[in-house]
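Peer 1: If it helps, the file is called query29.txt and holds compact mmCIF, C-alpha atoms:
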# COMPACT_ATOMS: atom_id res chain seq x y z
CA MET K 62 0.00 0.00 0.00
CA GLU K 63 2.81 2.42 0.94
CA GLN K 64 4.56 1.63 -2.35
CA ASN K 65 1.37 2.44 -4.28
CA HIS K 66 1.12 5.80 -2.52
CA LYS K 67 4.72 6.57 -3.47
CA GLN K 68 4.04 5.68 -7.10
CA ASP K 69 0.92 7.88 -7.14
CA ASP K 70 2.87 10.81 -5.65
CA GLN K 71 5.63 10.32 -8.22
CA SER K 72 3.14 10.26 -11.10
CA GLU K 73 1.52 13.46 -9.90
CA LEU K 74 4.90 15.18 -9.46
CA TYR K 75 6.01 14.44 -13.02
CA ALA K 76 2.62 14.87 -14.72
CA GLY K 77 2.98 16.83 -17.95
CA PHE K 78 6.80 16.79 -18.04
CA SER K 79 8.77 15.29 -20.91
CA THR K 80 9.54 11.58 -20.75
CA ALA K 81 12.66 10.64 -18.80
CA PHE K 82 15.76 9.93 -20.90
CA LYS K 83 16.09 6.23 -21.68
CA SER K 84 18.65 4.15 -19.74
CA PHE K 85 20.03 7.24 -17.97
CA ALA K 86 21.07 5.41 -14.80
CA THR K 87 22.60 2.53 -16.75
CA LYS K 88 24.71 4.94 -18.81
CA ALA K 89 25.76 6.90 -15.71
CA ILE K 90 27.00 3.72 -14.07
CA HIS K 91 28.63 1.94 -17.02
CA VAL K 92 29.67 4.22 -19.91
CA GLY K 93 33.38 4.97 -19.76
CA GLN K 94 33.83 2.67 -16.79
CA GLU K 95 34.58 -0.59 -18.62
CA PRO K 96 36.93 -2.80 -16.51
CA GLU K 97 38.53 -4.13 -19.70
CA GLN K 98 40.37 -0.83 -20.25
CA TRP K 99 42.62 -1.63 -17.27
CA LYS K 100 45.07 -4.53 -17.01
CA SER K 101 43.78 -5.05 -13.45
CA LEU K 102 40.15 -5.21 -14.70
CA ALA K 103 39.26 -2.78 -11.89
CA VAL K 104 35.49 -2.29 -11.66
CA VAL K 105 35.96 1.24 -10.29
CA PRO K 106 38.24 3.36 -12.51
CA PRO K 107 41.52 4.05 -10.70
CA ILE K 108 42.86 7.53 -9.98
CA SER K 109 45.74 8.13 -12.37
CA LEU K 110 47.91 10.72 -10.65
CA SER K 111 50.88 10.50 -13.00
CA THR K 112 51.67 13.76 -14.75
CA THR K 113 53.55 12.08 -17.57
CA PHE K 114 53.45 8.78 -19.48
CA LYS K 115 56.18 6.57 -20.91
CA GLN K 116 56.44 6.53 -24.71
CA ASN K 117 57.49 3.53 -26.79
CA GLY K 118 59.61 5.86 -28.87
CA PRO K 119 59.82 9.59 -29.65
CA GLY K 120 56.22 10.68 -30.32
CA ASN K 121 55.00 7.08 -30.11
CA HIS K 122 52.73 7.07 -27.09
CA ALA K 123 49.81 4.86 -26.03
CA GLY K 124 47.20 7.62 -26.02
CA TYR K 125 48.58 9.74 -23.19
CA GLU K 126 51.70 11.89 -23.05
CA TYR K 127 51.14 14.65 -20.45
CA SER K 128 48.29 14.86 -17.95
CA ARG K 129 47.21 18.35 -18.98
CA SER K 130 46.68 17.08 -22.52
CA GLY K 131 44.87 13.94 -21.43
CA ASN K 132 44.43 11.76 -18.38
CA PRO K 133 42.87 8.27 -18.02
CA THR K 134 40.69 9.24 -15.03
CA ARG K 135 39.49 12.40 -16.76
CA ASN K 136 38.78 10.39 -19.89
CA CYS K 137 36.41 8.11 -17.95
CA LEU K 138 34.49 11.13 -16.66
CA GLU K 139 34.29 12.81 -20.06
CA LYS K 140 32.92 9.68 -21.72
CA ALA K 141 30.24 9.30 -19.03
CA VAL K 142 29.16 12.96 -19.23
CA ALA K 143 28.93 12.81 -23.03
CA ALA K 144 26.60 9.81 -22.77
CA LEU K 145 24.38 11.56 -20.21
CA ASP K 146 24.15 14.72 -22.31
CA GLY K 147 23.34 12.77 -25.46
CA ALA K 148 26.57 14.20 -26.89
CA LYS K 149 29.46 12.83 -28.94
CA TYR K 150 32.10 14.63 -26.91
CA SER K 151 32.62 16.13 -23.48
CA LEU K 152 35.47 18.02 -21.87
CA ALA K 153 36.21 18.54 -18.19
CA VAL K 154 37.80 21.79 -17.03
CA ALA K 155 38.81 23.27 -13.70
CA SER K 156 35.56 25.15 -12.89
CA GLY K 157 32.33 26.44 -14.36
CA LEU K 158 34.00 29.77 -15.07
CA ALA K 159 36.91 27.91 -16.68
CA ALA K 160 34.31 26.45 -19.03
CA THR K 161 33.01 29.96 -19.76
CA LEU K 162 36.56 31.20 -20.34
CA THR K 163 37.44 28.26 -22.62
CA ILE K 164 34.30 28.66 -24.75
CA THR K 165 34.74 32.43 -25.06
CA HIS K 166 38.33 31.95 -26.23
CA MET K 167 36.92 30.58 -29.50
CA LEU K 168 36.14 34.22 -30.37
CA LYS K 169 38.39 37.01 -31.59
CA ALA K 170 38.52 40.77 -31.00
CA GLY K 171 35.51 42.52 -32.51
CA ASP K 172 33.17 39.54 -32.18
CA SER K 173 29.89 40.04 -30.34
CA ILE K 174 28.27 38.01 -27.55
CA VAL K 175 24.59 38.18 -26.63
CA CYS K 176 24.00 36.94 -23.10
CA MET K 177 20.81 36.26 -21.17
CA ASP K 178 20.24 39.25 -18.89
CA ASP K 179 19.75 37.21 -15.72
CA VAL K 180 22.73 34.91 -15.25
CA TYR K 181 25.10 33.69 -12.56
CA GLY K 182 26.98 36.66 -11.09
CA GLY K 183 30.36 35.24 -12.10
CA THR K 184 29.25 34.95 -15.72
CA ASN K 185 28.01 38.53 -15.70
CA ARG K 186 31.27 39.69 -14.11
CA TYR K 187 33.41 37.80 -16.64
CA PHE K 188 31.56 39.16 -19.67
CA GLN K 189 31.35 42.74 -18.39
CA LYS K 190 34.74 43.18 -16.76
CA ILE K 191 37.06 40.77 -18.58
CA ALA K 192 35.68 39.80 -22.01
CA ARG K 193 35.06 43.47 -22.87
CA GLU K 194 38.67 44.26 -21.97
CA PHE K 195 39.72 41.94 -24.80
CA ALA K 196 37.66 43.89 -27.35
CA LEU K 197 34.69 41.54 -27.36
CA GLU K 198 31.30 43.22 -27.62
CA VAL K 199 28.84 42.03 -24.98
CA SER K 200 25.14 42.83 -24.77
CA PHE K 201 22.40 41.42 -22.56
CA ALA K 202 18.84 40.47 -23.52
CA ASP K 203 15.89 38.79 -21.86
CA CYS K 204 15.83 35.55 -23.86
CA THR K 205 12.45 34.57 -22.42
CA LYS K 206 11.18 37.11 -24.96
CA PRO K 207 12.44 35.89 -28.37
CA GLU K 208 11.80 39.27 -29.98
CA LYS K 209 14.33 40.87 -27.59
CA LEU K 210 16.94 38.25 -28.40
CA LYS K 211 16.32 38.72 -32.13
CA ALA K 212 16.73 42.50 -31.80
CA ALA K 213 20.06 42.01 -30.02
CA LEU K 214 21.61 39.89 -32.79
CA LYS K 215 24.13 41.70 -35.01
CA ASN K 216 26.18 40.89 -38.09
CA ASN K 217 29.19 40.23 -35.85
CA THR K 218 27.34 38.14 -33.26
CA LYS K 219 29.24 34.89 -32.82
CA LEU K 220 27.99 33.57 -29.49
CA VAL K 221 24.62 33.50 -27.73
CA TRP K 222 24.77 32.59 -24.05
CA ILE K 223 21.61 31.18 -22.48
CA GLU K 224 21.10 30.17 -18.87
CA THR K 225 17.91 28.32 -18.00
CA PRO K 226 16.54 28.35 -15.42
CA THR K 227 18.33 31.58 -14.64
CA ASN K 228 20.25 32.38 -11.51
CA PRO K 229 18.73 33.67 -9.32
CA THR K 230 15.26 34.65 -10.61
CA MET K 231 14.50 31.23 -12.17
CA LYS K 232 13.40 32.48 -15.60
CA VAL K 233 12.96 29.63 -18.08
CA VAL K 234 14.13 30.11 -21.66
CA ASP K 235 12.67 28.14 -24.57
CA ILE K 236 15.91 26.58 -25.83
CA LYS K 237 14.52 25.23 -29.09
CA ALA K 238 12.74 28.46 -30.06
CA CYS K 239 15.83 30.56 -29.34
CA SER K 240 18.26 28.15 -31.01
CA ASP K 241 16.12 27.93 -34.13
CA MET K 242 15.79 31.70 -34.36
CA VAL K 243 19.50 32.34 -33.82
CA HIS K 244 20.54 29.73 -36.39
CA GLU K 245 18.02 31.13 -38.87
CA HIS K 246 19.66 34.53 -38.43
CA ASN K 247 23.11 33.00 -38.90
CA LYS K 248 23.81 29.27 -38.82
CA ASP K 249 27.39 29.93 -37.67
CA ILE K 250 26.41 31.57 -34.37
CA VAL K 251 27.21 29.23 -31.51
CA VAL K 252 24.38 28.81 -28.99
CA VAL K 253 25.58 27.91 -25.51
CA VAL K 254 23.29 26.75 -22.72
CA ASP K 255 24.42 26.82 -19.11
CA ASN K 256 22.68 23.69 -17.82
CA THR K 257 24.03 23.93 -14.26
CA PHE K 258 20.66 24.26 -12.51
CA MET K 259 19.08 21.35 -14.37
CA SER K 260 21.81 18.71 -14.67
CA ALA K 261 21.85 16.21 -17.50
CA TYR K 262 19.07 14.25 -15.81
CA PHE K 263 16.36 16.88 -16.26
CA GLN K 264 17.41 18.72 -19.45
CA ARG K 265 19.40 18.05 -22.65
CA PRO K 266 20.11 21.36 -24.44
CA LEU K 267 21.88 19.73 -27.39
CA ALA K 268 18.74 17.78 -28.28
CA LEU K 269 16.84 21.09 -28.30
CA GLY K 270 19.14 22.75 -30.83
CA ALA K 271 21.95 24.24 -28.73
CA ASP K 272 25.53 23.85 -29.99
CA ILE K 273 27.21 23.66 -26.58
CA CYS K 274 25.97 22.48 -23.19
CA MET K 275 28.08 23.55 -20.24
CA TYR K 276 27.98 23.16 -16.46
CA SER K 277 29.48 24.18 -13.26
CA ALA K 278 29.84 20.52 -12.27
CA THR K 279 30.51 21.80 -8.76
CA LYS K 280 26.73 21.80 -8.38
CA TYR K 281 24.32 18.95 -9.22
CA MET K 282 26.53 16.93 -11.56
CA ASN K 283 29.00 16.21 -8.74
CA GLY K 284 26.41 16.81 -6.05
CA HIS K 285 28.53 16.48 -2.93
CA SER K 286 29.96 20.00 -2.45
CA ASP K 287 33.52 18.68 -2.53
CA VAL K 288 34.65 19.39 -6.11
CA VAL K 289 35.09 22.58 -8.15
CA MET K 290 34.81 21.69 -11.85
CA GLY K 291 33.30 22.63 -15.20
CA LEU K 292 32.00 20.47 -18.05
CA ILE K 293 31.44 21.16 -21.77
CA SER K 294 29.50 18.85 -24.12
CA VAL K 295 29.15 19.11 -27.90
CA ASN K 296 28.11 17.11 -30.96
CA ARG K 297 29.93 19.13 -33.62
CA GLU K 298 33.40 17.84 -34.36
CA ASP K 299 34.72 21.28 -35.33
CA LEU K 300 33.68 22.71 -31.94
CA TYR K 301 35.18 19.72 -30.12
CA ASP K 302 38.52 20.05 -31.93
CA ARG K 303 38.75 23.76 -31.11
CA LEU K 304 37.66 23.33 -27.47
CA LYS K 305 39.99 20.34 -26.99
CA PHE K 306 42.86 22.48 -28.25
CA LEU K 307 41.88 25.29 -25.86
CA GLN K 308 41.51 22.88 -22.93
CA ASN K 309 45.15 21.93 -23.41
CA ALA K 310 46.47 25.34 -24.49
CA LEU K 311 44.81 27.32 -21.70
CA GLY K 312 45.53 24.62 -19.14
CA CYS K 313 42.29 24.95 -17.18
CA VAL K 314 42.13 21.24 -16.36
CA PRO K 315 40.80 19.52 -13.23
CA SER K 316 42.86 17.17 -11.10
CA PRO K 317 42.49 13.40 -11.57
CA PHE K 318 41.19 13.12 -8.01
CA ASP K 319 38.44 15.65 -8.68
CA CYS K 320 37.56 13.77 -11.87
CA PHE K 321 37.28 10.57 -9.83
CA LEU K 322 34.95 12.27 -7.34
CA CYS K 323 32.72 13.80 -10.02
CA ASN K 324 32.60 10.50 -11.91
CA ARG K 325 31.44 8.85 -8.68
CA GLY K 326 28.83 11.57 -8.15
CA LEU K 327 27.26 10.84 -11.55
CA LYS K 328 26.36 7.33 -10.41
CA THR K 329 23.65 8.68 -8.10
CA LEU K 330 22.63 11.73 -10.14
CA HIS K 331 19.24 10.27 -11.13
CA LEU K 332 18.39 9.37 -7.53
CA ARG K 333 19.51 12.71 -6.15
CA MET K 334 17.66 14.82 -8.70
CA GLU K 335 14.39 12.98 -8.09
CA ARG K 336 14.68 13.65 -4.34
CA HIS K 337 15.67 17.28 -4.93
CA PHE K 338 12.55 17.76 -7.06
CA LYS K 339 10.25 16.08 -4.54
CA ASN K 340 11.59 18.11 -1.60
CA ALA K 341 11.66 21.39 -3.52
CA MET K 342 8.07 21.01 -4.68
CA ALA K 343 6.95 20.47 -1.09
CA VAL K 344 8.86 23.55 0.12
CA ALA K 345 7.60 25.68 -2.79
CA LYS K 346 3.99 24.74 -2.06
CA PHE K 347 4.48 25.53 1.62
CA LEU K 348 6.01 28.94 0.89
CA GLU K 349 3.33 29.82 -1.64
CA THR K 350 0.62 29.53 1.04
CA ASP K 351 2.52 31.42 3.76
CA PRO K 352 1.25 34.99 4.29
CA ARG K 353 4.76 36.22 5.16
CA VAL K 354 5.98 35.36 1.66
CA ASP K 355 5.27 37.79 -1.15
CA ARG K 356 6.04 35.56 -4.15
CA VAL K 357 7.55 32.15 -4.87
CA ILE K 358 9.44 31.46 -8.10
CA PHE K 359 9.69 27.72 -8.79
CA PRO K 360 9.27 26.39 -12.34
CA GLY K 361 7.41 23.34 -11.07
CA LEU K 362 4.51 25.46 -9.83
CA PRO K 363 1.70 26.43 -12.21
CA SER K 364 2.16 30.02 -11.01
CA HIS K 365 5.57 30.23 -12.72
CA PRO K 366 5.30 32.35 -15.90
CA GLN K 367 7.19 29.78 -18.01
CA HIS K 368 5.73 26.67 -16.37
CA ASP K 369 4.54 25.29 -19.71
CA VAL K 370 7.97 25.77 -21.31
CA MET K 371 9.57 23.98 -18.38
CA LYS K 372 7.30 20.98 -18.79
CA ARG K 373 7.79 20.88 -22.54
CA GLN K 374 11.60 20.84 -22.57
CA CYS K 375 12.47 19.23 -19.23
CA THR K 376 11.85 15.92 -17.51
CA GLY K 377 11.57 17.46 -14.03
CA CYS K 378 12.71 20.35 -11.81
CA PRO K 379 15.82 20.85 -9.68
CA GLY K 380 15.87 21.81 -6.02
CA MET K 381 16.25 25.55 -6.63
CA ILE K 382 13.64 27.96 -5.23
CA THR K 383 13.66 31.73 -5.17
CA PHE K 384 11.18 33.70 -3.11
CA TYR K 385 10.51 37.25 -1.97
CA MET K 386 9.75 37.87 1.68
CA LYS K 387 7.34 40.57 2.68
CA GLY K 388 9.07 43.35 4.54
CA LYS K 389 12.58 44.71 4.20
CA LEU K 390 16.22 43.61 4.16
CA GLU K 391 16.15 43.08 7.93
CA HIS K 392 13.38 40.50 7.55
CA ALA K 393 15.28 38.58 4.89
CA SER K 394 18.47 38.73 6.95
CA ALA K 395 16.65 37.57 10.07
CA PHE K 396 15.14 34.64 8.17
CA LEU K 397 18.55 33.52 6.91
CA SER K 398 20.23 34.01 10.29
CA ASN K 399 17.62 31.89 12.06
CA LEU K 400 17.86 28.87 9.76
CA LYS K 401 19.24 25.81 11.52
CA LEU K 402 19.17 22.92 9.04
CA PHE K 403 19.93 25.13 6.03
CA ALA K 404 23.43 26.57 5.95
CA ILE K 405 23.91 30.16 4.79
CA ALA K 406 26.39 29.55 1.99
CA GLU K 407 27.04 30.21 -1.66
CA SER K 408 26.86 27.43 -4.26
CA LEU K 409 24.05 24.92 -4.69
CA GLY K 410 23.18 21.43 -5.84
CA GLY K 411 24.80 19.46 -3.02
CA TYR K 412 23.04 16.91 -0.85
CA GLU K 413 22.74 19.49 1.93
CA SER K 414 20.25 22.38 1.97
CA LEU K 415 21.75 25.85 1.46
CA ALA K 416 20.30 29.35 1.57
CA GLU K 417 21.69 32.66 0.42
CA HIS K 418 20.94 36.33 -0.21
CA PRO K 419 21.80 36.98 -3.90
CA ALA K 420 22.04 40.79 -3.68
CA ILE K 421 24.66 40.52 -0.92
CA MET K 422 26.33 37.24 -1.84
CA THR K 423 26.36 35.56 -5.28
CA HIS K 424 25.26 38.61 -7.31
CA ALA K 425 26.96 41.40 -5.38
CA SER K 426 29.25 41.97 -8.40
CA VAL K 427 26.24 42.82 -10.60
CA PRO K 428 25.77 46.62 -10.68
CA GLU K 429 22.97 47.74 -8.36
CA LYS K 430 20.93 49.34 -11.15
CA GLU K 431 20.99 46.06 -13.09
CA ARG K 432 20.03 44.08 -9.98
CA ILE K 433 16.97 46.29 -9.50
CA VAL K 434 15.89 45.80 -13.12
CA LEU K 435 16.35 42.02 -12.80
CA GLY K 436 14.37 41.85 -9.58
CA ILE K 437 17.32 40.95 -7.36
CA SER K 438 15.99 42.94 -4.43
CA ASP K 439 16.86 43.09 -0.72
CA THR K 440 14.05 40.65 0.09
CA LEU K 441 14.97 38.02 -2.50
CA ILE K 442 16.15 34.72 -1.04
CA ARG K 443 17.51 31.70 -2.90
CA LEU K 444 17.18 28.18 -1.53
CA SER K 445 19.00 25.08 -2.70
CA VAL K 446 16.78 22.37 -1.25
CA GLY K 447 18.79 19.29 -0.31
CA LEU K 448 18.12 15.64 0.32
CA GLU K 449 17.14 15.77 3.98
CA ASP K 450 13.73 14.56 5.15
CA GLU K 451 10.99 16.72 3.66
CA ALA K 452 9.29 17.43 7.00
CA ASP K 453 12.55 18.58 8.61
CA ILE K 454 13.27 20.98 5.74
CA ILE K 455 9.83 22.55 5.97
CA ASP K 456 10.03 22.76 9.76
CA ASP K 457 13.28 24.69 9.47
CA VAL K 458 11.85 27.12 6.92
CA GLU K 459 8.77 27.66 9.07
CA GLN K 460 10.66 28.30 12.30
CA ALA K 461 12.97 30.76 10.52
CA LEU K 462 9.95 32.63 9.15
CA ASN K 463 8.47 32.67 12.65
CA ALA K 464 11.67 34.13 14.04
CA ALA K 465 12.02 36.71 11.29
CA VAL K 466 8.43 37.90 11.19
CA THR K 467 6.40 37.66 14.39
CA SER K 468 3.11 38.38 12.67
CA LYS K 469 1.78 39.30 9.27
CA GLU K 470 0.45 42.52 10.78
CA GLU K 471 4.01 43.65 11.49
CA VAL K 472 4.97 43.05 7.86
CA ASN K 473 1.92 44.88 6.56
CA ALA K 474 2.65 47.79 8.87
CA GLY K 475 6.29 47.83 7.76
CA ARG K 476 7.53 47.43 11.33
CA PRO K 477 10.59 45.27 12.13
CA PRO K 478 9.92 41.99 13.99
CA THR K 479 10.37 42.02 17.75
CA LEU K 480 13.17 39.48 17.72
CA ARG K 481 14.42 40.26 21.24
CA LEU K 482 10.99 39.56 22.69
CA LYS K 483 10.78 36.38 20.63
CA GLN K 484 14.16 35.21 21.90
CA LEU K 485 13.18 36.05 25.49
CA ILE K 486 9.98 33.99 25.22
CA ARG K 487 11.93 31.03 23.80
CA ARG K 488 14.41 31.20 26.72
CA MET K 489 11.53 31.32 29.22
CA LEU K 490 9.94 28.26 27.61
CA ARG K 491 13.26 26.42 27.81
CA GLY K 492 13.66 27.48 31.41
CA THR K 493 16.97 29.24 30.80
Render the structure in this file as structure tokens.

Peer 2:
Amino acid sequence: MEQNHKQDDQSELYAGFSTAFKSFATKAIHVGQEPEQWKSLAVVPPISLSTTFKQNGPGNHAGYEYSRSGNPTRNCLEKAVAALDGAKYSLAVASGLAATLTITHMLKAGDSIVCMDDVYGGTNRYFQKIAREFALEVSFADCTKPEKLKAALKNNTKLVWIETPTNPTMKVVDIKACSDMVHEHNKDIVVVVDNTFMSAYFQRPLALGADICMYSATKYMNGHSDVVMGLISVNREDLYDRLKFLQNALGCVPSPFDCFLCNRGLKTLHLRMERHFKNAMAVAKFLETDPRVDRVIFPGLPSHPQHDVMKRQCTGCPGMITFYMKGKLEHASAFLSNLKLFAIAESLGGYESLAEHPAIMTHASVPEKERIVLGISDTLIRLSVGLEDEADIIDDVEQALNAAVTSKEEVNAGRPPTLRLKQLIRRMLRGT
């Protein structure tokens, strides 16, 4: 009976979403991991720490010569990621921003980049403060509105950078519609999708028309908050050859140990993402009914403006929720400071629940005027809902709201919560 209830809940959760990718778990566990590639027939790929490899003669090597150029442990990871992305090729680099750097290095001075207006703060910072210094033109457009993206395209546009869902306001971009429009304008423009928030389990940008799928693998793809890494997947051989050259020439490569850890993380990606979705949906529904919350932005809710797009191009939702508290900065800060299970920390996508204040933390480098336009206000809070028990997560969110806002009347009146009185009452109840 309990199993039937779980199946019913699962069916309801995924109703209307695209069909799950076939044999995903099997590929995550087996592709690139074949024991026959090792003389020892090791079932788990070993960590190859050697920086150099013996050659049979000058220039006559067995596939590896120097670990920056290629490494057996990294090769296992890259093969697995390519299979999960539905790609021919994948490359691992030292971080998500290293992936951004490597991709952008395909361009030359005078080329133009059109970037989604709401993106990870580090991406915004790189394009505005570094790429422009190398004579690359950079403009920003709201790609949820195809007409704005179309208006931003120029004769010298070479790269379109899409992030979906966006960080932190969770906008969802129609990848196929944008890719088709961009390629109709100029088939040589490279469309990049930052798939960090979704992981390969819930979204495949290459199948929707994108030319490059990239990740900060630090997040869901690794999923254990113990690796900093980036990933790039492609189908086009010309893009792979250029990016492979840049991976080696720029030297932004991850360590074999980090590759081992990320490769291990992929083995449970399907299980983790399903739990993230389940927990996040429960938290989003709870927040949406709480009078102290002004608005919840979660693509899995029907209230999300691009809910239909999300269901059409994805197989589920990640554990990312953004919401606006009623009140002021002090209310948002009090909420974050009173969380107990959630840790106040940057990053996302690990097994543990994290919470942050984008305007102060991850997006502080975005100019204030731009933050206001994007809706990154003082009361915006971002949650990365982890894998803990659903009831415990909701209990923590509720008690933090209680501590931050003593009553909805105080919020409506614009008065700060009486936290000292609240703390005094709690001490009296504990007898301390």

Peer 1: Rank nothing, just name the residue among K:Leu397, K:Met371, K:Pro106, K:Thr257 nearest to Ile90 (chain K), using only C-alpha atoms.

Peer 2: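 Of the candidates, the smallest distance to Ile90 (chain K) is held by K:Pro106.
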
Peer 1: Compare K:Leu307, K:Met334, K:Leu145, K:Ala271 by their minimum atom-to-atom distance to Ser130 (chain K), counting only C-alpha atoms, and give me the closest one.

Peer 2: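 Closest candidate: K:Leu307.
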
Peer 1: Which of these, K:Val252, K:Val175, K:Glu349, K:Leu102, has the shortest distance to Phe188 (chain K) once you count all atoms listed in the file?

Peer 2: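 Distance minimum relative to Phe188 (chain K) lands on K:Val175.
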
Peer 1: Find the residues around Ala160 (chain K) up to 10 Å (all atoms listed in the file counted), leave out those fewer than 2 positions away in its own chain, and share them as a list in words.

Peer 2: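 Everything that qualifies: Leu152, Ala153, Val154, Ala155, Ser156, Gly157, Leu158, Leu162, Thr163, Ile164, Thr165, His166, Asp255, Met275, Tyr276, Ser277, Met290, Gly291, Leu292, Ile293, Leu304, Gln308, Cys313 and Val314 of chain K.
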
Peer 1: Produce a file of the selected residues containing C-alpha atoms, as a PDB file, keeping the file's coordinate frame.

Peer 2:
ATOM      1  CA  LEU K 152      35.470  18.020 -21.870  1.00  0.00           C
ATOM      2  CA  ALA K 153      36.210  18.540 -18.190  1.00  0.00           C
ATOM      3  CA  VAL K 154      37.800  21.790 -17.030  1.00  0.00           C
ATOM      4  CA  ALA K 155      38.810  23.270 -13.700  1.00  0.00           C
ATOM      5  CA  SER K 156      35.560  25.150 -12.890  1.00  0.00           C
ATOM      6  CA  GLY K 157      32.330  26.440 -14.360  1.00  0.00           C
ATOM      7  CA  LEU K 158      34.000  29.770 -15.070  1.00  0.00           C
ATOM      8  CA  LEU K 162      36.560  31.200 -20.340  1.00  0.00           C
ATOM      9  CA  THR K 163      37.440  28.260 -22.620  1.00  0.00           C
ATOM     10  CA  ILE K 164      34.300  28.660 -24.750  1.00  0.00           C
ATOM     11  CA  THR K 165      34.740  32.430 -25.060  1.00  0.00           C
ATOM     12  CA  HIS K 166      38.330  31.950 -26.230  1.00  0.00           C
ATOM     13  CA  ASP K 255      24.420  26.820 -19.110  1.00  0.00           C
ATOM     14  CA  MET K 275      28.080  23.550 -20.240  1.00  0.00           C
ATOM     15  CA  TYR K 276      27.980  23.160 -16.460  1.00  0.00           C
ATOM     16  CA  SER K 277      29.480  24.180 -13.260  1.00  0.00           C
ATOM     17  CA  MET K 290      34.810  21.690 -11.850  1.00  0.00           C
ATOM     18  CA  GLY K 291      33.300  22.630 -15.200  1.00  0.00           C
ATOM     19  CA  LEU K 292      32.000  20.470 -18.050  1.00  0.00           C
ATOM     20  CA  ILE K 293      31.440  21.160 -21.770  1.00  0.00           C
ATOM     21  CA  LEU K 304      37.660  23.330 -27.470  1.00  0.00           C
ATOM     22  CA  GLN K 308      41.510  22.880 -22.930  1.00  0.00           C
ATOM     23  CA  CYS K 313      42.290  24.950 -17.180  1.00  0.00           C
ATOM     24  CA  VAL K 314      42.130  21.240 -16.360  1.00  0.00           C
TER      25      VAL K 314
END

Peer 1: Report the distance between CA of Val344 (chain K) and CA of Phe359 (chain K) in Å, rounded to one decimal place.

Peer 2: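 Taking CA of Val344 (chain K) as the start and CA of Phe359 (chain K) as the end point, the length is 9.9 Å.
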
Peer 1: One number please: CA of Arg186 (chain K) to CA of Thr230 (chain K), in Å, one decimal.

Peer 2: 17.1 Å

Peer 1: Between region 301-398 of chain K and region 109-115 of chain K, at 12 Å or less, what are the per-residue closest atom pairs and their distances in Å? Count all atoms listed in the file, order by chain and rising residue number, and return it as a Markdown table.

Peer 2:
| residue | atom | partner | partner_atom | distance |
| --- | --- | --- | --- | --- |
| K:Pro315 | CA | K:Leu110 | CA | 11.6 |
| K:Ser316 | CA | K:Leu110 | CA | 8.2 |
| K:Pro317 | CA | K:Leu110 | CA | 6.1 |
| K:Phe318 | CA | K:Leu110 | CA | 7.6 |
| K:Asp319 | CA | K:Leu110 | CA | 10.9 |
| K:Cys320 | CA | K:Ser109 | CA | 9.9 |
| K:Phe321 | CA | K:Ser109 | CA | 9.2 |

Peer 1: Which residues of region 216-288 of chain K come within 6 Å of region 410-430 of chain K, and for each one, what is the closest pair of atoms and their distance in Å to one decimal, counting all atoms listed in the file, sorted by chain and residue number, as a Markdown table?

Peer 2:
| residue | atom | partner | partner_atom | distance |
| --- | --- | --- | --- | --- |
| K:Lys280 | CA | K:Gly410 | CA | 4.4 |
| K:Tyr281 | CA | K:Gly410 | CA | 4.3 |
| K:Gly284 | CA | K:Gly411 | CA | 4.3 |
| K:His285 | CA | K:Gly411 | CA | 4.8 |
| K:Ser286 | CA | K:Gly411 | CA | 5.2 |

Peer 1: I'd like the interatomic distance between CA of Val180 (chain K) and CA of Tyr150 (chain K), to a tenth of an Å.

Peer 2: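 Taking CA of Val180 (chain K) and CA of Tyr150 (chain K), their separation equals 25.2 Å.
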
Peer 1: List every residue of region 315-414 of chain K that has an atom at most 12 Å from any atom of region 205-226 of chain K, and for each one report the closest atom pair and its distance in Å to one decimal, counting all atoms listed in the file, with rows sorted by chain and then by increasing residue number, as JSON lines.

Peer 2:
{"residue": "K:Ile358", "atom": "CA", "partner": "K:Pro226", "partner_atom": "CA", "distance": 10.7}
{"residue": "K:Phe359", "atom": "CA", "partner": "K:Pro226", "partner_atom": "CA", "distance": 9.6}
{"residue": "K:Pro360", "atom": "CA", "partner": "K:Pro226", "partner_atom": "CA", "distance": 8.1}
{"residue": "K:Gly361", "atom": "CA", "partner": "K:Pro226", "partner_atom": "CA", "distance": 11.3}
{"residue": "K:His365", "atom": "CA", "partner": "K:Pro226", "partner_atom": "CA", "distance": 11.5}
{"residue": "K:Pro366", "atom": "CA", "partner": "K:Thr205", "partner_atom": "CA", "distance": 9.9}
{"residue": "K:Gln367", "atom": "CA", "partner": "K:Thr205", "partner_atom": "CA", "distance": 8.4}
{"residue": "K:His368", "atom": "CA", "partner": "K:Pro226", "partner_atom": "CA", "distance": 11.0}
{"residue": "K:Val370", "atom": "CA", "partner": "K:Thr205", "partner_atom": "CA", "distance": 9.9}
{"residue": "K:Met371", "atom": "CA", "partner": "K:Pro226", "partner_atom": "CA", "distance": 8.7}
{"residue": "K:Gln374", "atom": "CA", "partner": "K:Thr225", "partner_atom": "CA", "distance": 10.8}
{"residue": "K:Cys375", "atom": "CA", "partner": "K:Thr225", "partner_atom": "CA", "distance": 10.7}
{"residue": "K:Cys378", "atom": "CA", "partner": "K:Pro226", "partner_atom": "CA", "distance": 9.6}
{"residue": "K:Pro379", "atom": "CA", "partner": "K:Pro226", "partner_atom": "CA", "distance": 9.5}
{"residue": "K:Gly380", "atom": "CA", "partner": "K:Pro226", "partner_atom": "CA", "distance": 11.5}
{"residue": "K:Met381", "atom": "CA", "partner": "K:Pro226", "partner_atom": "CA", "distance": 9.2}
{"residue": "K:Ile382", "atom": "CA", "partner": "K:Pro226", "partner_atom": "CA", "distance": 10.6}
{"residue": "K:Thr383", "atom": "CA", "partner": "K:Pro226", "partner_atom": "CA", "distance": 11.2}
